[in-house]
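K.L.:
The structure is given below, and queries will be raised subsequently.
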Amino acid sequence: MTEELVAGRAWYDVAPSAARLTHSLRDIGYDFPTAVADIVDNSIAAGATRVDIQIEYNGADSNVIIADDGQGMSSAAMLEALRFGSRRSYARGELGRYGLGLKTASLSQARLLTVVSRSSKSVNRTCARSLDLDLITEWDQWVIVDPASTDWAVGRAREWLAEQTGTVVVWRSLDRVLPEKRPEGGWARRRVEALTRRTAQHLGIVFHRFITGLDDDPPVVISVNGEKVGPWDPFATDEVATHELPAQRFEVEAAGTIGWVRLRRFILPPRDRFSSPDQFERLSGPLNWNRQQGLYVYRAGRLVQWGGWAGIRGIDEHTKLARAALEFDTDLDGAFNINVAKMRVTLPAQVRQLLESPVNELCVLADDTYRKTYRAIGRPVPADLEVPSEVRAVTQSAAAAGLALRMAAMQADQWQAWEAIEALIRRQSPEIAELLGLTTSEELR
Ligand SMILES: Nc1ncnc2c1ncn2[C@@H]1O[C@H](COP(=O)(O)OP(=O)(O)OP(=O)(O)O)[C@@H](O)[C@H]1O
Ligand SMILES: [Mg+2]
């Protein structure tokens, strides 16, 4: 500790203990898939179009390699990148915010992090540095070391970087992934395999817009153990029978900043209106239909939180077809209180209030669709009835028209009148009512 006098007052330099703090920071809320996703954030921020992830089980020597073809880092930039709290500023829309992710996400799973990077297109020169938790603990110093020239991780990374710029992040000593006692056992292998599957799924969800291609940017190809990660679009926008209600934009003022929040609302098709049962299952998502309903909050195109209605209303079996995207840009970070692991936001009170009415409107319509269709499916369908694809397409479009009419009625504040019209159609032209998906009767209400 130093003691000096500044303007006549004593001050003391109390730098944190590296040994203590690095250990505490291991537990700020990452799990394996979210930690990998935070590294992929950096790759995308660096303009990568390919991110290759290898999760290699090899007992105690298991490792994770995340390689991108982004712009890479010079050796000075690499030193700054490995500082807890990297000193830098961010442009609007950049995924980084805290200057912590690379270190905290890596150390949440591993004791040894090695980064190898190449930033020059013309010159094949790489730089490599390691952050070694054991060394930091032993020295109680914020230190970065050069890996040995024979380090296999550096060799592997150089192969990836031989023809292109980019960055390779390697995690070793996976003490948070493997059991300390029997890292060689079958249980450990199965755990790594399960984490690999969950990671691929998680990446397909949170980066689905980047994988599909965002605005003018080229799509980002992410692969896990050689398998391309497919995008998981929560709103099934490829399905003909998915319905989007008019989008809304709100101006939000919080903590002295003014920014825009966009709300897009969708009613997904019920099972029989999906293009295939497989697609319906796929769209069910990891939490399943019920808990997968709700608000999907996107920050700069990256999904950070989903499942449930963020306190606006409860989840309900009858509104399980309702999903909505809430999008904000990084200028509203302060208002949304994004956490370091990029897994959680808090809706500002003002936004929650603005969302109440449009969200409730969406849920009423989704509830209506659910009751009508599920009752219709409840009726026995002849086992030998094969619906040809043209017929299915026509049925889907007709159902879409039915739903569009209902929404228009709702938006024009004519719901009661519409219910009377529906009842009339059902009575006078039951076959048209059936086609439009208006087949239910009031007794369900
Ligand atoms: N794959 C990469 N390619 C190029 N630069 C990178 C890469 N990964 C990290 N960096 C650089 O290192 C810096 C520190 O990364 P880190 O993830 O620790 O913090 P951050 O991304 O700035 O903020 P956050 O804590 O929100 O993730 C980045 O800002 C970036 O400049
Ligand atoms: Mg980051």
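We label chains A, B, ... in the order they appear in the structure tokens, count residues from 1 in each chain, and number ligands from 1 in the order shown.
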Using DSSP on the backbone coordinates, identify the residues of segment 106-267 of chain A assigned to alpha helix (DSSP H); present them as a ChimeraX atom specification.
P.N.:
/A:106-107,133-139,152-160,186-206,208-212
K.L.:
Skip Ile55 of chain A itself and residues of its chain fewer than 6 positions away, then list as a PyMOL selection string all residues within 12 Å of it, counting only C-alpha atoms.
P.N.:
chain A and resi 32-33+36+61-67+169-172+174+177+189+191-200+223-227
K.L.:
The selected residues should be written to file as an mmCIF file, in the first residue's frame (atoms: C-alpha atoms).
P.N.:
```cif
data_model
loop_
_atom_site.group_PDB
_atom_site.id
_atom_site.type_symbol
_atom_site.label_atom_id
_atom_site.label_comp_id
_atom_site.auth_asym_id
_atom_site.auth_seq_id
_atom_site.Cartn_x
_atom_site.Cartn_y
_atom_site.Cartn_z
ATOM 1 C CA PHE A 32 -21.056 -23.360 -19.784
ATOM 2 C CA PRO A 33 -23.271 -22.383 -22.761
ATOM 3 C CA VAL A 36 -19.167 -19.812 -24.679
ATOM 4 C CA ASP A 61 -6.883 -32.728 -20.626
ATOM 5 C CA SER A 62 -10.254 -31.820 -22.078
ATOM 6 C CA ASN A 63 -10.371 -28.418 -23.698
ATOM 7 C CA VAL A 64 -12.480 -25.904 -25.537
ATOM 8 C CA ILE A 65 -11.316 -23.980 -28.595
ATOM 9 C CA ILE A 66 -13.240 -21.036 -30.012
ATOM 10 C CA ALA A 67 -11.718 -19.812 -33.260
ATOM 11 C CA VAL A 169 -9.470 -18.688 -27.517
ATOM 12 C CA VAL A 170 -8.467 -21.876 -25.731
ATOM 13 C CA TRP A 171 -9.778 -23.041 -22.353
ATOM 14 C CA ARG A 172 -7.901 -25.727 -20.423
ATOM 15 C CA LEU A 174 -11.792 -27.277 -17.064
ATOM 16 C CA VAL A 177 -16.823 -28.777 -16.108
ATOM 17 C CA ARG A 189 -17.656 -37.832 -20.793
ATOM 18 C CA ARG A 191 -21.450 -34.417 -19.091
ATOM 19 C CA VAL A 192 -19.174 -32.922 -21.733
ATOM 20 C CA GLU A 193 -21.326 -34.420 -24.483
ATOM 21 C CA ALA A 194 -24.483 -33.031 -22.911
ATOM 22 C CA LEU A 195 -22.884 -29.594 -22.500
ATOM 23 C CA THR A 196 -21.822 -29.687 -26.134
ATOM 24 C CA ARG A 197 -25.410 -30.285 -27.252
ATOM 25 C CA ARG A 198 -26.765 -27.601 -24.930
ATOM 26 C CA THR A 199 -24.155 -25.133 -26.121
ATOM 27 C CA ALA A 200 -25.046 -25.665 -29.784
ATOM 28 C CA SER A 223 -20.198 -24.588 -35.823
ATOM 29 C CA VAL A 224 -19.798 -26.809 -32.797
ATOM 30 C CA ASN A 225 -17.577 -29.867 -33.201
ATOM 31 C CA GLY A 226 -17.869 -29.558 -36.962
ATOM 32 C CA GLU A 227 -21.647 -29.276 -37.050
#
```
K.L.:
Would you pick out the contacts of Arg50 of chain A at 8 Å or less, using only C-alpha atoms, so that residues sharing its chain but fewer than 6 positions from it are not included, and give the list as number ranges by chain?
P.N.:
A: 68-70, 220-222
K.L.:
May I ask which of the residues A:Ala420, A:Ala7, A:Val168, A:Val297 is the closest one to ligand 1, counting only C-alpha atoms and all ligand atoms?
P.N.:
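That would be A:Val168, the residue with the smallest distance to ligand 1.
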K.L.:
If you count only C-alpha atoms and all ligand atoms, which residues end up within 7 Å of ligand 2, as a VMD selection string?
P.N.:
chain A and resid 38 to 39 41 to 42 95 to 96 99 to 102
K.L.:
A:Val345, A:Leu326, A:Val115, A:Val14: which is nearest ligand 1, counting only C-alpha atoms and all ligand atoms?
P.N.:
A:Val115
K.L.:
Which residues are near Ala408 of chain A? Cut-off 12 Å, only C-alpha atoms, ignore same chain within fewer than 5 positions. Put them as a list of chain:residue names.
P.N.:
A:Glu244, A:Leu245, A:Pro246, A:Glu361, A:Leu365, A:Ala401, A:Gly402, A:Leu403, A:Asp413, A:Gln414, A:Trp415, A:Ala417, A:Trp418
K.L.:
Which residues come within 12 Å of Val364 of chain A, counting only C-alpha atoms, excluding same-chain residues fewer than 2 positions away, as a list in words?
P.N.:
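Final neighbour list, sorted by chain and number: Ile267, Arg313, Asp316, His318, Thr319, Lys320, Leu321, Ala322, Ser357, Pro358, Val359, Asn360, Glu361, Leu362, Ala366, Asp367, Asp368, Thr369, Tyr370, Arg371, Arg406, Met407, Met410, Gln411, Trp415 and Arg445 of chain A.
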K.L.:
Go ahead and save the residues from that selection, with C-alpha atoms, as a PDB file, in the first residue's frame.
P.N.:
```
ATOM      1  CA  ILE A 267     -49.033 -15.579 -32.772  1.00  0.00           C
ATOM      2  CA  ARG A 313     -48.581 -11.064 -16.845  1.00  0.00           C
ATOM      3  CA  ASP A 316     -50.708 -19.444 -19.191  1.00  0.00           C
ATOM      4  CA  HIS A 318     -53.951 -20.612 -23.273  1.00  0.00           C
ATOM      5  CA  THR A 319     -51.487 -17.944 -24.366  1.00  0.00           C
ATOM      6  CA  LYS A 320     -48.677 -20.304 -25.197  1.00  0.00           C
ATOM      7  CA  LEU A 321     -48.740 -19.380 -28.893  1.00  0.00           C
ATOM      8  CA  ALA A 322     -47.896 -15.752 -28.086  1.00  0.00           C
ATOM      9  CA  SER A 357     -51.695  -2.952 -23.421  1.00  0.00           C
ATOM     10  CA  PRO A 358     -50.051  -4.323 -26.609  1.00  0.00           C
ATOM     11  CA  VAL A 359     -48.957  -7.473 -24.776  1.00  0.00           C
ATOM     12  CA  ASN A 360     -52.422  -8.053 -23.376  1.00  0.00           C
ATOM     13  CA  GLU A 361     -53.916  -7.526 -26.808  1.00  0.00           C
ATOM     14  CA  LEU A 362     -51.555 -10.143 -28.218  1.00  0.00           C
ATOM     15  CA  ALA A 366     -53.402 -15.922 -28.933  1.00  0.00           C
ATOM     16  CA  ASP A 367     -55.829 -17.283 -26.364  1.00  0.00           C
ATOM     17  CA  ASP A 368     -58.595 -17.109 -28.918  1.00  0.00           C
ATOM     18  CA  THR A 369     -56.538 -18.952 -31.542  1.00  0.00           C
ATOM     19  CA  TYR A 370     -55.555 -21.585 -29.022  1.00  0.00           C
ATOM     20  CA  ARG A 371     -59.063 -22.325 -27.804  1.00  0.00           C
ATOM     21  CA  ARG A 406     -59.921 -11.307 -35.917  1.00  0.00           C
ATOM     22  CA  MET A 407     -56.947  -9.080 -35.342  1.00  0.00           C
ATOM     23  CA  MET A 410     -59.637  -6.312 -32.222  1.00  0.00           C
ATOM     24  CA  GLN A 411     -57.579  -3.364 -33.410  1.00  0.00           C
ATOM     25  CA  TRP A 415     -64.485  -7.366 -30.978  1.00  0.00           C
ATOM     26  CA  ARG A 445     -65.463 -19.168 -23.138  1.00  0.00           C
TER      27      ARG A 445
END
```
K.L.:
Set the distance at 8 Å and use only C-alpha atoms: which residues neighbour Arg249 of chain A once local chain neighbours fewer than 3 positions away are removed? I'd like the list as JSON, numbers by chain.
P.N.:
{"A": [260, 261, 262, 263]}
K.L.:
Please write the residues from the selection above to a file, keeping C-alpha atoms, as a PDB file, in the first residue's frame.
P.N.:
```pdb
ATOM      1  CA  TRP A 260     -36.027   3.579 -29.099  1.00  0.00           C
ATOM      2  CA  VAL A 261     -37.542   0.282 -28.166  1.00  0.00           C
ATOM      3  CA  ARG A 262     -39.323  -1.819 -30.777  1.00  0.00           C
ATOM      4  CA  LEU A 263     -41.990  -4.392 -30.077  1.00  0.00           C
TER       5      LEU A 263
END
```
K.L.:
Write out as a VMD selection string all residues of segment 312-439 of chain A that backbone DSSP assigns to strand (DSSP E).
P.N.:
chain A and resid 322 to 328
K.L.:
Please provide the set of residues having any atom within 10 Å of Arg323 of chain A, restricted to only C-alpha atoms, with same-chain residues fewer than 5 positions apart removed, written as a ChimeraX atom specification.
P.N.:
/A:234-236,244,264-268,292-296,306-309,359,362-363,366
K.L.:
With C-alpha atoms retained, export the selected residues as a tab-separated table (two decimals), in the first residue's frame.
P.N.:
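Everything below was put into selection-v7.tsv:
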```
chain	number	residue	atom	x	y	z
A	234	PRO	CA	-38.64	-18.09	-31.82
A	235	PHE	CA	-41.29	-16.52	-34.02
A	236	ALA	CA	-41.39	-19.17	-36.74
A	244	GLU	CA	-47.52	-10.86	-36.90
A	264	ARG	CA	-42.93	-7.09	-32.59
A	265	ARG	CA	-45.76	-9.44	-31.70
A	266	PHE	CA	-46.44	-12.88	-33.08
A	267	ILE	CA	-49.03	-15.58	-32.77
A	268	LEU	CA	-47.49	-18.87	-33.72
A	292	GLN	CA	-41.30	-20.47	-24.06
A	293	GLN	CA	-44.14	-17.97	-24.48
A	294	GLY	CA	-43.50	-14.36	-23.67
A	295	LEU	CA	-41.07	-11.57	-24.35
A	296	TYR	CA	-37.80	-12.19	-26.17
A	306	TRP	CA	-36.70	-14.95	-22.84
A	307	GLY	CA	-39.38	-17.07	-21.23
A	308	GLY	CA	-42.37	-15.39	-19.55
A	309	TRP	CA	-43.75	-11.88	-19.71
A	359	VAL	CA	-48.96	-7.47	-24.78
A	362	LEU	CA	-51.55	-10.14	-28.22
A	363	CYS	CA	-52.45	-12.58	-25.47
A	366	ALA	CA	-53.40	-15.92	-28.93
```
